[in-house]
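Visitor: Below is the structure I would like to discuss, written out as C-alpha cells.
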Amino acid sequence: MALDGFGNRLKAIRQERGYTQKQLAGFLGVTEQAVSKYERGNSYPDIEVLSGIAEVLDCSLDYLLQHEPGKHNLPGQENVFRKQEINRFLLHEVIILQFDVKLTPLFMEEVKQEYPHMIQLRQQIAKDWGVIIPPIRLRDQSGLEPSQYEICINGVSVYKEIWEGTYPEGLIYMLGKLKEIIFQRIDQVLNNQCVYYMLENLREEYPYVLEGIVPEVISYSRLRQVLVHLIKDFGYAVNPLIQIIQLLEQELALEQFGSEEGMDSRTLAEKAASQLDPGFRFENWTK
C-alpha cells in the first residue's frame, strides 16, 4: 500500500471534519493512542480499520492511500457521526431531568454516589405501582433560569421550577416532583418496551404463565393500555400482573367465542378491576 504521508492525510481530514482523536477511536473500536500512532506514522491500520476510517470520515480509500493525491470526498450527509447526531434529535429520551449549571454540583454528587436516590425512585415505583419505567436521564441545560430544573417527557417540557437545596435533600425533593409527573403521564412513560421487560421478569419466575398468551392472545400494546387504565382510571397497582393477565385471557376467550362483544382496553381494565382484590387499590396497597 502507498502509505507515504498517510498519517498527515488522516490528521488533516479528521480535523477538517471537526472530530477529535478520541471520537474517531470510539467509532473505529480502537484506542485513542492507536489513532495518534496512525497520524504520527508510527503504525498503520489493518484493512478493516482502514475501511472504517474511510466510512467514518466520509473520504475515499484512494485519497487515504494517495492514489488520488489532493482529492477527497466532500463531507456527506450520511456519515456515521452525522447519523448519530440526527438520531439524537429523532429519538428523544422518555424521561429527562435537566438543570441549570448552579444545580450541577448537586447532581454530580448523585452521580459520584452511583445514583442511589434515582435507583430508589425506580424501585419505589415498581413496588408501589407494579411497573418498570425507563431510565431517568440527567442533563445540564443552558437557557434555564439560575437554579431552575426542568422535567421533559418524550422530549417535551412538562414542568419547570426554581429550586435551591443541598444534597441529598434538594435532589429528593426534585425526584418527588418527578414521581408526581410520571404518575400523571404514565400513559406516555409506560411504553411497550417497559411492558416487555416486566413480562420477561415474570417469565423468569413463572415460565408457563405467559405461554401462548402474550403476545399471541394479548398484544404488548393492548396489555400496556389495560395497565395504564388500571392505574389512572381505576386506581389499582398492577403488581398482581399474573392475575391481571389471567383475567384478561378469560375475557378475551369469551370475546373470541362470541359470548361478549368486542371490548376496548378501558372496558377490559374495568372488568379486571372489578375482580381484583381491593387491597391493591392505591389507598390500601401502600398502607
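All residue names refer to the C-alpha cells as shown: chains lettered A, B, ... in order, residues numbered from 1 in each chain, ligands numbered from 1 in order.
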Near Arg224 of chain A, within 8 Å and counting only C-alpha atoms, which residues show up once chain neighbours fewer than 6 positions away are dropped, as a PDB file with N, CA and C atoms, in the first residue's frame?
Guide:
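As a result, around_30.pdb now contains:
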```pdb
ATOM      1  N   LEU A 190     -45.033   4.756  30.293  1.00  0.00           N
ATOM      2  CA  LEU A 190     -45.063   3.297  30.205  1.00  0.00           C
ATOM      3  C   LEU A 190     -45.245   2.903  28.747  1.00  0.00           C
ATOM      4  N   ASN A 191     -44.196   2.435  28.123  1.00  0.00           N
ATOM      5  CA  ASN A 191     -44.275   2.059  26.712  1.00  0.00           C
ATOM      6  C   ASN A 191     -44.186   0.541  26.555  1.00  0.00           C
ATOM      7  N   ASN A 192     -44.311   0.075  25.317  1.00  0.00           N
ATOM      8  CA  ASN A 192     -44.301  -1.364  25.064  1.00  0.00           C
ATOM      9  C   ASN A 192     -42.999  -2.021  25.510  1.00  0.00           C
ATOM     10  N   VAL A 195     -43.239  -2.749  29.171  1.00  0.00           N
ATOM     11  CA  VAL A 195     -44.114  -3.906  29.384  1.00  0.00           C
ATOM     12  C   VAL A 195     -43.380  -5.197  29.039  1.00  0.00           C
TER      13      VAL A 195
END
```
Visitor: Nearest to Val101 of chain A among A:Arg203, A:Arg139, A:Lys37, A:Arg9, with distances taken over only C-alpha atoms: which residue is it?
Guide: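 That would be A:Arg139, the residue with the smallest distance to Val101 of chain A.
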Visitor: Could you give me, as a list in words, the residues within 10 Å of Phe6 of chain A, counting only C-alpha atoms and dropping anything in the same chain fewer than 5 positions from it?
Guide: Lys11, Ala12, Tyr38, Glu39, Arg40, Gly41, Tyr44, Tyr63, Leu64, Leu65 and Gln66 of chain A
Visitor: Which residues come within 7 Å of Lys160 of chain A, counting only C-alpha atoms, excluding same-chain residues fewer than 5 positions away, as a list in words?
Guide: Gln148, Tyr149, Glu150 and Ile151 of chain A
Visitor: If you keep N, CA and C atoms, can you produce a file of those selected residues as an mmCIF file, in the first residue's frame?
Guide:
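And here is the file that came out, out_9.cif:
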```cif
data_model
loop_
_atom_site.group_PDB
_atom_site.id
_atom_site.type_symbol
_atom_site.label_atom_id
_atom_site.label_comp_id
_atom_site.auth_asym_id
_atom_site.auth_seq_id
_atom_site.Cartn_x
_atom_site.Cartn_y
_atom_site.Cartn_z
ATOM 1 N N GLN A 148 -32.772 26.602 38.191
ATOM 2 C CA GLN A 148 -34.025 26.019 37.694
ATOM 3 C C GLN A 148 -33.775 24.590 37.190
ATOM 4 N N TYR A 149 -34.760 23.729 37.431
ATOM 5 C CA TYR A 149 -34.713 22.397 36.836
ATOM 6 C C TYR A 149 -35.967 22.203 35.979
ATOM 7 N N GLU A 150 -35.898 21.242 35.076
ATOM 8 C CA GLU A 150 -36.969 21.041 34.104
ATOM 9 C C GLU A 150 -37.176 19.543 33.886
ATOM 10 N N ILE A 151 -38.431 19.128 33.832
ATOM 11 C CA ILE A 151 -38.773 17.734 33.556
ATOM 12 C C ILE A 151 -39.322 17.655 32.139
#
```
Visitor: Please report the interatomic distance between atom CA of Cys59 of chain A and atom CA of Ile47 of chain A in Å with one decimal.
Guide: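 Separation of atom CA of Cys59 of chain A and atom CA of Ile47 of chain A: 14.9 Å.
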Visitor: Residues near segment 104-106 of chain A, anyone? I mean within 9 Å using only C-alpha atoms, not counting same-chain ones fewer than 2 positions away, as a PDB file with N, CA and C atoms, in the first residue's frame.
Guide:
```pdb
ATOM      1  N   PHE A  99     -31.162  20.605  34.140  1.00  0.00           N
ATOM      2  CA  PHE A  99     -30.979  21.572  35.208  1.00  0.00           C
ATOM      3  C   PHE A  99     -29.970  22.635  34.805  1.00  0.00           C
ATOM      4  N   ASP A 100     -30.096  23.774  35.472  1.00  0.00           N
ATOM      5  CA  ASP A 100     -29.167  24.886  35.276  1.00  0.00           C
ATOM      6  C   ASP A 100     -27.821  24.562  35.925  1.00  0.00           C
ATOM      7  N   VAL A 101     -26.796  25.252  35.472  1.00  0.00           N
ATOM      8  CA  VAL A 101     -25.432  24.969  35.926  1.00  0.00           C
ATOM      9  C   VAL A 101     -25.278  25.128  37.433  1.00  0.00           C
ATOM     10  N   LYS A 102     -26.091  25.979  38.068  1.00  0.00           N
ATOM     11  CA  LYS A 102     -25.976  26.166  39.512  1.00  0.00           C
ATOM     12  C   LYS A 102     -26.363  24.908  40.291  1.00  0.00           C
ATOM     13  N   MET A 108     -24.011  16.128  40.397  1.00  0.00           N
ATOM     14  CA  MET A 108     -22.725  15.454  40.306  1.00  0.00           C
ATOM     15  C   MET A 108     -22.467  14.590  41.533  1.00  0.00           C
ATOM     16  N   GLU A 109     -22.949  15.027  42.673  1.00  0.00           N
ATOM     17  CA  GLU A 109     -22.801  14.223  43.888  1.00  0.00           C
ATOM     18  C   GLU A 109     -23.603  12.928  43.768  1.00  0.00           C
ATOM     19  N   GLU A 110     -24.791  13.018  43.160  1.00  0.00           N
ATOM     20  CA  GLU A 110     -25.597  11.816  42.941  1.00  0.00           C
ATOM     21  C   GLU A 110     -24.879  10.838  42.010  1.00  0.00           C
ATOM     22  N   ASP A 140     -27.355  18.721  32.004  1.00  0.00           N
ATOM     23  CA  ASP A 140     -27.268  20.153  32.266  1.00  0.00           C
ATOM     24  C   ASP A 140     -27.709  20.891  31.003  1.00  0.00           C
ATOM     25  N   GLY A 165     -31.320  23.757  46.929  1.00  0.00           N
ATOM     26  CA  GLY A 165     -31.231  22.842  48.059  1.00  0.00           C
ATOM     27  C   GLY A 165     -29.893  22.142  48.050  1.00  0.00           C
ATOM     28  N   THR A 166     -29.549  21.540  49.157  1.00  0.00           N
ATOM     29  CA  THR A 166     -28.300  20.810  49.265  1.00  0.00           C
ATOM     30  C   THR A 166     -28.555  19.327  49.024  1.00  0.00           C
ATOM     31  N   TYR A 167     -27.479  18.602  48.825  1.00  0.00           N
ATOM     32  CA  TYR A 167     -27.577  17.162  48.610  1.00  0.00           C
ATOM     33  C   TYR A 167     -27.620  16.448  49.970  1.00  0.00           C
ATOM     34  N   PRO A 168     -28.519  15.486  50.176  1.00  0.00           N
ATOM     35  CA  PRO A 168     -29.436  14.912  49.182  1.00  0.00           C
ATOM     36  C   PRO A 168     -30.843  15.499  49.218  1.00  0.00           C
ATOM     37  N   GLY A 170     -32.207  18.370  48.484  1.00  0.00           N
ATOM     38  CA  GLY A 170     -32.668  19.068  47.288  1.00  0.00           C
ATOM     39  C   GLY A 170     -33.014  18.111  46.171  1.00  0.00           C
ATOM     40  N   LEU A 171     -32.193  17.088  45.994  1.00  0.00           N
ATOM     41  CA  LEU A 171     -32.457  16.106  44.949  1.00  0.00           C
ATOM     42  C   LEU A 171     -33.696  15.282  45.275  1.00  0.00           C
TER      43      LEU A 171
END
```
Visitor: So which residues of segment 7-218 of chain A fall under strand (DSSP E) by DSSP, listed as a list in words?
Guide: Ile95, Ile96, Leu97, Gln98, Phe99, Ile136, Arg137, Leu138, Arg139, Asp140, Gln148, Tyr149, Glu150, Ile151, Cys152, Ile153, Val156, Ser157, Val158, Tyr159, Lys160, Glu161 and Ile162 of chain A
Visitor: Atoms to include: N, CA, C and O atoms. Write the selected residues as a PDB file, in the first residue's frame.
Guide:
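result.pdb was written with the following content:
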```
ATOM      1  N   ILE A  95     -37.641  10.043  29.731  1.00  0.00           N
ATOM      2  CA  ILE A  95     -37.661  10.890  30.926  1.00  0.00           C
ATOM      3  C   ILE A  95     -36.327  11.614  31.037  1.00  0.00           C
ATOM      4  O   ILE A  95     -35.269  10.975  31.127  1.00  0.00           O
ATOM      5  N   ILE A  96     -36.374  12.928  31.027  1.00  0.00           N
ATOM      6  CA  ILE A  96     -35.159  13.726  31.183  1.00  0.00           C
ATOM      7  C   ILE A  96     -35.366  14.708  32.334  1.00  0.00           C
ATOM      8  O   ILE A  96     -36.390  15.395  32.401  1.00  0.00           O
ATOM      9  N   LEU A  97     -34.405  14.755  33.221  1.00  0.00           N
ATOM     10  CA  LEU A  97     -34.374  15.760  34.282  1.00  0.00           C
ATOM     11  C   LEU A  97     -33.170  16.643  33.985  1.00  0.00           C
ATOM     12  O   LEU A  97     -32.023  16.223  34.139  1.00  0.00           O
ATOM     13  N   GLN A  98     -33.435  17.861  33.507  1.00  0.00           N
ATOM     14  CA  GLN A  98     -32.332  18.745  33.151  1.00  0.00           C
ATOM     15  C   GLN A  98     -32.321  19.967  34.063  1.00  0.00           C
ATOM     16  O   GLN A  98     -33.339  20.317  34.660  1.00  0.00           O
ATOM     17  N   PHE A  99     -31.162  20.605  34.140  1.00  0.00           N
ATOM     18  CA  PHE A  99     -30.979  21.572  35.208  1.00  0.00           C
ATOM     19  C   PHE A  99     -29.970  22.635  34.805  1.00  0.00           C
ATOM     20  O   PHE A  99     -29.110  22.425  33.952  1.00  0.00           O
ATOM     21  N   ILE A 136     -33.916   7.366  33.939  1.00  0.00           N
ATOM     22  CA  ILE A 136     -34.047   8.823  34.020  1.00  0.00           C
ATOM     23  C   ILE A 136     -32.722   9.431  33.589  1.00  0.00           C
ATOM     24  O   ILE A 136     -31.678   9.146  34.190  1.00  0.00           O
ATOM     25  N   ARG A 137     -32.751  10.250  32.559  1.00  0.00           N
ATOM     26  CA  ARG A 137     -31.522  10.861  32.052  1.00  0.00           C
ATOM     27  C   ARG A 137     -31.315  12.225  32.694  1.00  0.00           C
ATOM     28  O   ARG A 137     -32.249  13.036  32.762  1.00  0.00           O
ATOM     29  N   LEU A 138     -30.098  12.476  33.146  1.00  0.00           N
ATOM     30  CA  LEU A 138     -29.734  13.774  33.706  1.00  0.00           C
ATOM     31  C   LEU A 138     -29.002  14.575  32.647  1.00  0.00           C
ATOM     32  O   LEU A 138     -28.166  14.038  31.914  1.00  0.00           O
ATOM     33  N   ARG A 139     -29.283  15.873  32.591  1.00  0.00           N
ATOM     34  CA  ARG A 139     -28.636  16.691  31.566  1.00  0.00           C
ATOM     35  C   ARG A 139     -28.560  18.141  32.034  1.00  0.00           C
ATOM     36  O   ARG A 139     -29.571  18.727  32.450  1.00  0.00           O
ATOM     37  N   ASP A 140     -27.355  18.721  32.004  1.00  0.00           N
ATOM     38  CA  ASP A 140     -27.268  20.153  32.266  1.00  0.00           C
ATOM     39  C   ASP A 140     -27.709  20.891  31.003  1.00  0.00           C
ATOM     40  O   ASP A 140     -27.438  20.453  29.899  1.00  0.00           O
ATOM     41  N   GLN A 148     -32.772  26.602  38.191  1.00  0.00           N
ATOM     42  CA  GLN A 148     -34.025  26.019  37.694  1.00  0.00           C
ATOM     43  C   GLN A 148     -33.775  24.590  37.190  1.00  0.00           C
ATOM     44  O   GLN A 148     -32.739  24.288  36.615  1.00  0.00           O
ATOM     45  N   TYR A 149     -34.760  23.729  37.431  1.00  0.00           N
ATOM     46  CA  TYR A 149     -34.713  22.397  36.836  1.00  0.00           C
ATOM     47  C   TYR A 149     -35.967  22.203  35.979  1.00  0.00           C
ATOM     48  O   TYR A 149     -36.964  22.911  36.149  1.00  0.00           O
ATOM     49  N   GLU A 150     -35.898  21.242  35.076  1.00  0.00           N
ATOM     50  CA  GLU A 150     -36.969  21.041  34.104  1.00  0.00           C
ATOM     51  C   GLU A 150     -37.176  19.543  33.886  1.00  0.00           C
ATOM     52  O   GLU A 150     -36.213  18.789  33.776  1.00  0.00           O
ATOM     53  N   ILE A 151     -38.431  19.128  33.832  1.00  0.00           N
ATOM     54  CA  ILE A 151     -38.773  17.734  33.556  1.00  0.00           C
ATOM     55  C   ILE A 151     -39.322  17.655  32.139  1.00  0.00           C
ATOM     56  O   ILE A 151     -40.247  18.387  31.776  1.00  0.00           O
ATOM     57  N   CYS A 152     -38.730  16.774  31.334  1.00  0.00           N
ATOM     58  CA  CYS A 152     -39.189  16.563  29.963  1.00  0.00           C
ATOM     59  C   CYS A 152     -39.637  15.118  29.805  1.00  0.00           C
ATOM     60  O   CYS A 152     -38.954  14.191  30.253  1.00  0.00           O
ATOM     61  N   ILE A 153     -40.774  14.931  29.159  1.00  0.00           N
ATOM     62  CA  ILE A 153     -41.298  13.599  28.850  1.00  0.00           C
ATOM     63  C   ILE A 153     -41.375  13.470  27.342  1.00  0.00           C
ATOM     64  O   ILE A 153     -42.054  14.261  26.684  1.00  0.00           O
ATOM     65  N   VAL A 156     -40.630  16.692  25.470  1.00  0.00           N
ATOM     66  CA  VAL A 156     -41.490  17.861  25.691  1.00  0.00           C
ATOM     67  C   VAL A 156     -41.367  18.312  27.143  1.00  0.00           C
ATOM     68  O   VAL A 156     -41.491  17.500  28.071  1.00  0.00           O
ATOM     69  N   SER A 157     -41.123  19.601  27.339  1.00  0.00           N
ATOM     70  CA  SER A 157     -41.041  20.147  28.686  1.00  0.00           C
ATOM     71  C   SER A 157     -42.427  20.150  29.327  1.00  0.00           C
ATOM     72  O   SER A 157     -43.384  20.699  28.773  1.00  0.00           O
ATOM     73  N   VAL A 158     -42.558  19.515  30.506  1.00  0.00           N
ATOM     74  CA  VAL A 158     -43.863  19.430  31.166  1.00  0.00           C
ATOM     75  C   VAL A 158     -43.870  20.101  32.534  1.00  0.00           C
ATOM     76  O   VAL A 158     -44.932  20.294  33.123  1.00  0.00           O
ATOM     77  N   TYR A 159     -42.678  20.434  33.051  1.00  0.00           N
ATOM     78  CA  TYR A 159     -42.647  21.072  34.361  1.00  0.00           C
ATOM     79  C   TYR A 159     -41.316  21.781  34.552  1.00  0.00           C
ATOM     80  O   TYR A 159     -40.259  21.249  34.208  1.00  0.00           O
ATOM     81  N   LYS A 160     -41.379  23.016  35.114  1.00  0.00           N
ATOM     82  CA  LYS A 160     -40.178  23.771  35.461  1.00  0.00           C
ATOM     83  C   LYS A 160     -40.364  24.364  36.845  1.00  0.00           C
ATOM     84  O   LYS A 160     -41.466  24.748  37.233  1.00  0.00           O
ATOM     85  N   GLU A 161     -39.256  24.458  37.551  1.00  0.00           N
ATOM     86  CA  GLU A 161     -39.321  25.067  38.878  1.00  0.00           C
ATOM     87  C   GLU A 161     -37.922  25.534  39.279  1.00  0.00           C
ATOM     88  O   GLU A 161     -36.932  24.884  38.951  1.00  0.00           O
ATOM     89  N   ILE A 162     -37.865  26.658  39.962  1.00  0.00           N
ATOM     90  CA  ILE A 162     -36.609  27.111  40.546  1.00  0.00           C
ATOM     91  C   ILE A 162     -36.513  26.519  41.942  1.00  0.00           C
ATOM     92  O   ILE A 162     -37.443  26.647  42.755  1.00  0.00           O
TER      93      ILE A 162
END
```
Visitor: Need to verify the contact set: Phe183 of chain A, 12 Å, only C-alpha atoms, exclusion of same-chain residues closer than 4 positions in sequence. Can you return it as a list in words?
Guide: Ile125, Asp128, Trp129, Val131, Ile133, Ile153, Gly176, Lys177, Leu178, Lys179, Asp187, Gln188, Val189, Leu190, Val228, His229, Ile231, Lys232, Asp233, Gly235 and Ala237 of chain A
Visitor: List the neighbours of Val226 of chain A out to 7 Å using only C-alpha atoms; skip same-chain residues closer than 2 positions along the sequence, and give me the result as a PDB file with N, CA, C and O atoms, in the first residue's frame.
Guide:
```
ATOM      1  N   ARG A 222     -51.879  -3.809  23.664  1.00  0.00           N
ATOM      2  CA  ARG A 222     -53.167  -3.858  24.344  1.00  0.00           C
ATOM      3  C   ARG A 222     -52.979  -4.041  25.837  1.00  0.00           C
ATOM      4  O   ARG A 222     -53.699  -3.429  26.644  1.00  0.00           O
ATOM      5  N   LEU A 223     -52.036  -4.870  26.222  1.00  0.00           N
ATOM      6  CA  LEU A 223     -51.761  -5.055  27.644  1.00  0.00           C
ATOM      7  C   LEU A 223     -51.301  -3.746  28.265  1.00  0.00           C
ATOM      8  O   LEU A 223     -51.717  -3.381  29.374  1.00  0.00           O
ATOM      9  N   ARG A 224     -50.444  -3.011  27.571  1.00  0.00           N
ATOM     10  CA  ARG A 224     -49.988  -1.709  28.074  1.00  0.00           C
ATOM     11  C   ARG A 224     -51.163  -0.784  28.319  1.00  0.00           C
ATOM     12  O   ARG A 224     -51.252  -0.126  29.361  1.00  0.00           O
ATOM     13  N   VAL A 228     -52.335   0.859  31.924  1.00  0.00           N
ATOM     14  CA  VAL A 228     -52.453   2.311  32.109  1.00  0.00           C
ATOM     15  C   VAL A 228     -53.836   2.666  32.644  1.00  0.00           C
ATOM     16  O   VAL A 228     -53.965   3.476  33.576  1.00  0.00           O
ATOM     17  N   HIS A 229     -54.886   2.064  32.096  1.00  0.00           N
ATOM     18  CA  HIS A 229     -56.252   2.348  32.582  1.00  0.00           C
ATOM     19  C   HIS A 229     -56.426   1.883  34.025  1.00  0.00           C
ATOM     20  O   HIS A 229     -57.084   2.573  34.831  1.00  0.00           O
ATOM     21  N   LEU A 230     -55.876   0.739  34.366  1.00  0.00           N
ATOM     22  CA  LEU A 230     -55.983   0.263  35.743  1.00  0.00           C
ATOM     23  C   LEU A 230     -55.352   1.252  36.716  1.00  0.00           C
ATOM     24  O   LEU A 230     -55.895   1.517  37.794  1.00  0.00           O
ATOM     25  N   SER A 265     -59.840  -1.382  25.420  1.00  0.00           N
ATOM     26  CA  SER A 265     -58.897  -1.620  26.510  1.00  0.00           C
ATOM     27  C   SER A 265     -59.420  -1.106  27.843  1.00  0.00           C
ATOM     28  O   SER A 265     -59.184  -1.724  28.893  1.00  0.00           O
ATOM     29  N   ARG A 266     -60.143   0.001  27.825  1.00  0.00           N
ATOM     30  CA  ARG A 266     -60.659   0.532  29.091  1.00  0.00           C
ATOM     31  C   ARG A 266     -61.705  -0.404  29.684  1.00  0.00           C
ATOM     32  O   ARG A 266     -61.743  -0.604  30.902  1.00  0.00           O
ATOM     33  N   LEU A 268     -61.871  -3.625  29.215  1.00  0.00           N
ATOM     34  CA  LEU A 268     -61.127  -4.769  29.739  1.00  0.00           C
ATOM     35  C   LEU A 268     -60.527  -4.450  31.106  1.00  0.00           C
ATOM     36  O   LEU A 268     -60.556  -5.276  32.023  1.00  0.00           O
ATOM     37  N   ALA A 269     -59.970  -3.236  31.237  1.00  0.00           N
ATOM     38  CA  ALA A 269     -59.393  -2.827  32.511  1.00  0.00           C
ATOM     39  C   ALA A 269     -60.463  -2.756  33.594  1.00  0.00           C
ATOM     40  O   ALA A 269     -60.237  -3.159  34.742  1.00  0.00           O
TER      41      ALA A 269
END
```
Visitor: Compare A:Val238, A:Pro215, A:Leu121, A:Leu24 by their minimum atom-to-atom distance to Glu180 of chain A, counting only C-alpha atoms, and give me the closest one.
Guide: A:Leu121
Visitor: Among segment 175-274 of chain A, which ones does DSSP assign to helix (DSSP H, G or I) (computed from the backbone)? Answer as a VMD selection string.
Guide: chain A and resid 175 to 184 186 to 189 192 to 205 220 to 232 241 to 256 265 to 274
Visitor: Ranking A:Glu200, A:Asn154, A:Leu61, A:Leu144 by minimum distance to Glu93 of chain A and counting only C-alpha atoms, which one comes first?
Guide: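 With only C-alpha atoms as the atom set, the closest residue is A:Asn154.
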